[in-house]
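First the structure, in the form of structure tokens, and then the observations on it.
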Protein chains: 2
Amino acid sequence: MKKETRQEEIVRIAARLFKEKGYSAVTMRDLASEMGIKAASLYNHINSKQDILDMIIITLAEAFTEGMKQIQSSPEDCIGKLKQIIELHVKLSSQNIYGMASLNNDWMHLKEKRDYYKKLRSNYEDDFRAILEEGIASGEIINQNPEVMMFSILTTLRSLYIWIPKKEDLNLMEFSTALNQILIKGINK
Amino acid sequence: MKKETRQEEIVRIAARLFKEKGYSAVTMRDLASEMGIKAASLYNHINSKQDILDMIIITLAEAFTEGMKQIQSSPEDCIGKLKQIIELHVKLSSQNIYGMASLNNDWMHLKEKRDYYKKLRSNYEDDFRAILEEGIASGEIINQNPEVMMFSILTTLRSLYIWIPKKEDLNLMEFSTALNQILIKGINK
DNA sequence: TGAGCAAACTAACAACTGTTAGTTTAATGT
DNA sequence: ACATTAAACTAACAGTTGTTAGTTTGCTCA
């Protein structure tokens, strides 16, 4: 486990502030103050405020893309793949609670990287939808609108970062299992 | 149908801009330009930028509170009440797509009204949770963690504003029914 | 016609924004 | 002991922010 660089520390603290107030409301002076230094000193380690946001969001978006690639190539059936997707979201969200907030709420403040991000996201959704459609075709899952199913599951998974920190005693594996039960099998007896 | 006041028009346009860029990133000059006037002129109709946000969020939060009160006093069983909750969210979200974005993403920029908003929200969640617990007790719904169930359903419902505008041909009643099926009964056969 | 008034305007403000240039500090390795 | 260097500092910039004060415009109705 190699030591965190000063730049990584800045990005980590920035992500926390971005989660609390949003990218636009966080000033470089806020960030510097949280680091215990002056705003100008930040620029010894990063190029711009924009760069910080880019790093937070793109790193995470690529991690989701990579995770989806692995799931696609797994031998599991559709329900099994959905379970893996849930586990992927629980894992990445719990490892990067603050970054997930930027990913969800501040992606529109990307500039050059914005189109790239949107491409990654829409590819991810296409892959997700394809898994559902495959499940419908094979009779594994109900013949409902796959768009609405994906919407329902994906918005829940994208909001995990809000809930995970509230449950300090949360067992991630148990949480993942409960989510799987609820999202796949529903809640009624 | 009485005509919209100039103030209501400003609040409506502001909500749209807040959805696109977030409260902090929208300037009074942006808003004025969208209204076709100068920034200073806005102040003939509103007291402050803060006031606009307050109006958008509190109006909606109170509408949800009111809706929940009605559902509580209905004679339906637990599953029936959940169905009504889904319909409430579909209705309020589709009527106020832009405001829902502020409610979800910009409530932290409230000032004096922030505690009031948080109170409304936590009361709403308490009422929601009580319905689920009642359903568990009566055996209507599965004996899973009610917190996780509520989280899953509520985050989906809170994100409706993202999806509704994408489906221009969306039939709200059909959408509501599909959501009900998926959230309550799950997606597997 | 002209008084009243809602709603626009211009001009300006003090504070705050991201960022730069140049300088000082303190620890490191030779 | 000294040169190097990472990382802090001070000072300043040009542009943007929400907002106020005072003025002008143009419609409504007596």
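Ordering of the structure tokens sets the chain letters (A, B, ...), residue numbers begin anew at 1 in every chain, and ligands are numbered from 1 in the order given.
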
For this session: For chain A, report every residue with an atom at most 10 Å from chain D (counting only C-alpha atoms (C1' of nucleotides)), formatted as a PyMOL selection string.
Result: chain A and resi 6+37-38+40-42+44-45

Problem set entry | Check: which chain A residues lie within 9 Å of chain B using only C-alpha atoms, as an MDAnalysis selection string | chainID A and resid 20:25 79 105:106 108:109 139:145 148:149 151:160 163 175 178:179 181:189

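For chain C, the residues within 10 Å of chain B are C:DA6, C:DA7, C:DA8, C:DC9, C:DT10, with only C-alpha atoms (C1' of nucleotides) used to measure distance.
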
Exercise. At what distance in Å, to one decimal, does CA of Glu62 in chain A lie from CA of Arg114 in chain A?
Worked result: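 Atom-to-atom, CA of Arg114 in chain A and CA of Glu62 in chain A are spaced 13.3 Å apart.
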
Problem set entry | Separation of CA of Gly67 in chain B from CA of Arg12 in chain B, in Å and rounded to one decimal |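 The value is 21.8 Å.
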
For this session: For CA of Gln84 in chain B and CA of Lys167 in chain A, determine how far apart the two atoms are, in Å to one decimal place.
Result: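 These atoms are spaced 28.2 Å apart.
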
For this session: Return as a VMD selection string the full set of residues in range 7-62 of chain B whose backbone-based DSSP assignment is helix (DSSP H, G or I).
Result: chain B and resid 7 to 21 23 to 25 28 to 35 39 to 42 49 to 62

Let me see the file: selected residues, N, CA and C atoms, as a short mmCIF file (atom, residue, chain, number, x, y, z; two decimals), in the first residue's frame.
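This is the output file out-v3.cif:
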data_model
loop_
_atom_site.label_atom_id
_atom_site.label_comp_id
_atom_site.auth_asym_id
_atom_site.auth_seq_id
_atom_site.Cartn_x
_atom_site.Cartn_y
_atom_site.Cartn_z
N GLN B 7 -43.59 37.02 -10.72
CA GLN B 7 -42.77 36.32 -9.74
C GLN B 7 -42.81 34.81 -9.97
N GLU B 8 -44.00 34.29 -10.21
CA GLU B 8 -44.13 32.85 -10.47
C GLU B 8 -43.35 32.45 -11.71
N GLU B 9 -43.36 33.34 -12.70
CA GLU B 9 -42.62 33.06 -13.93
C GLU B 9 -41.12 32.98 -13.66
N ILE B 10 -40.64 33.93 -12.85
CA ILE B 10 -39.22 33.93 -12.49
C ILE B 10 -38.85 32.63 -11.77
N VAL B 11 -39.68 32.24 -10.82
CA VAL B 11 -39.40 31.02 -10.04
C VAL B 11 -39.42 29.79 -10.96
N ARG B 12 -40.35 29.80 -11.89
CA ARG B 12 -40.43 28.66 -12.82
C ARG B 12 -39.19 28.55 -13.69
N ILE B 13 -38.78 29.68 -14.26
CA ILE B 13 -37.57 29.67 -15.10
C ILE B 13 -36.33 29.33 -14.26
N ALA B 14 -36.29 29.87 -13.06
CA ALA B 14 -35.14 29.59 -12.17
C ALA B 14 -35.04 28.09 -11.90
N ALA B 15 -36.17 27.46 -11.65
CA ALA B 15 -36.15 26.03 -11.36
C ALA B 15 -35.55 25.25 -12.53
N ARG B 16 -35.88 25.67 -13.73
CA ARG B 16 -35.33 24.98 -14.91
C ARG B 16 -33.81 25.14 -14.96
N LEU B 17 -33.35 26.37 -14.72
CA LEU B 17 -31.90 26.59 -14.73
C LEU B 17 -31.21 25.84 -13.60
N PHE B 18 -31.84 25.85 -12.42
CA PHE B 18 -31.25 25.13 -11.28
C PHE B 18 -31.13 23.64 -11.61
N LYS B 19 -32.08 23.11 -12.34
CA LYS B 19 -31.99 21.69 -12.70
C LYS B 19 -30.80 21.43 -13.62
N GLU B 20 -30.59 22.37 -14.56
CA GLU B 20 -29.53 22.15 -15.56
C GLU B 20 -28.13 22.29 -14.97
N LYS B 21 -27.94 23.28 -14.08
CA LYS B 21 -26.59 23.58 -13.61
C LYS B 21 -26.43 23.56 -12.10
N TYR B 23 -28.06 25.13 -8.25
CA TYR B 23 -28.32 26.46 -7.68
C TYR B 23 -27.09 27.37 -7.72
N SER B 24 -25.97 26.86 -7.24
CA SER B 24 -24.79 27.72 -7.10
C SER B 24 -24.22 28.19 -8.42
N ALA B 25 -24.40 27.40 -9.45
CA ALA B 25 -23.79 27.74 -10.75
C ALA B 25 -24.68 28.66 -11.57
N MET B 28 -27.69 35.38 -11.14
CA MET B 28 -28.87 36.21 -11.34
C MET B 28 -28.85 36.79 -12.76
N ARG B 29 -27.67 36.96 -13.33
CA ARG B 29 -27.57 37.44 -14.71
C ARG B 29 -28.01 36.36 -15.71
N ASP B 30 -27.68 35.10 -15.41
CA ASP B 30 -28.20 34.00 -16.23
C ASP B 30 -29.72 34.01 -16.24
N LEU B 31 -30.26 34.10 -15.03
CA LEU B 31 -31.71 34.05 -14.88
C LEU B 31 -32.38 35.22 -15.60
N ALA B 32 -31.82 36.41 -15.40
CA ALA B 32 -32.38 37.60 -16.03
C ALA B 32 -32.34 37.46 -17.55
N SER B 33 -31.21 37.01 -18.05
CA SER B 33 -31.04 36.86 -19.49
C SER B 33 -32.08 35.90 -20.06
N GLU B 34 -32.36 34.84 -19.32
CA GLU B 34 -33.37 33.88 -19.76
C GLU B 34 -34.77 34.49 -19.75
N MET B 35 -34.96 35.48 -18.87
CA MET B 35 -36.25 36.18 -18.79
C MET B 35 -36.32 37.33 -19.80
N ALA B 39 -30.48 41.88 -14.74
CA ALA B 39 -30.49 41.24 -13.41
C ALA B 39 -31.16 42.10 -12.36
N ALA B 40 -30.87 43.40 -12.37
CA ALA B 40 -31.43 44.28 -11.34
C ALA B 40 -32.95 44.28 -11.37
N SER B 41 -33.51 44.09 -12.54
CA SER B 41 -34.97 44.12 -12.68
C SER B 41 -35.65 42.96 -11.96
N LEU B 42 -34.92 41.88 -11.77
CA LEU B 42 -35.51 40.75 -11.05
C LEU B 42 -35.98 41.17 -9.67
N LYS B 49 -31.96 35.76 -4.34
CA LYS B 49 -31.77 34.45 -4.98
C LYS B 49 -32.18 33.34 -4.00
N GLN B 50 -31.78 33.54 -2.76
CA GLN B 50 -32.13 32.58 -1.72
C GLN B 50 -33.63 32.33 -1.65
N ASP B 51 -34.39 33.42 -1.71
CA ASP B 51 -35.85 33.32 -1.66
C ASP B 51 -36.42 32.43 -2.76
N ILE B 52 -35.84 32.53 -3.95
CA ILE B 52 -36.31 31.70 -5.06
C ILE B 52 -36.15 30.23 -4.73
N LEU B 53 -34.97 29.88 -4.23
CA LEU B 53 -34.73 28.48 -3.86
C LEU B 53 -35.70 28.03 -2.78
N ASP B 54 -35.88 28.88 -1.77
CA ASP B 54 -36.82 28.56 -0.68
C ASP B 54 -38.19 28.23 -1.24
N MET B 55 -38.68 29.08 -2.13
CA MET B 55 -40.03 28.87 -2.66
C MET B 55 -40.13 27.56 -3.42
N ILE B 56 -39.15 27.29 -4.27
CA ILE B 56 -39.17 26.06 -5.07
C ILE B 56 -39.23 24.84 -4.16
N ILE B 57 -38.33 24.80 -3.20
CA ILE B 57 -38.18 23.58 -2.40
C ILE B 57 -39.30 23.43 -1.38
N ILE B 58 -39.62 24.48 -0.67
CA ILE B 58 -40.60 24.34 0.41
C ILE B 58 -41.99 24.03 -0.14
N THR B 59 -42.36 24.68 -1.24
CA THR B 59 -43.65 24.38 -1.86
C THR B 59 -43.78 22.89 -2.15
N LEU B 60 -42.74 22.33 -2.76
CA LEU B 60 -42.79 20.91 -3.12
C LEU B 60 -42.77 20.01 -1.89
N ALA B 61 -41.91 20.34 -0.95
CA ALA B 61 -41.80 19.49 0.24
C ALA B 61 -43.13 19.45 0.98
N GLU B 62 -43.81 20.59 1.01
CA GLU B 62 -45.11 20.63 1.69
C GLU B 62 -46.17 19.85 0.91
#
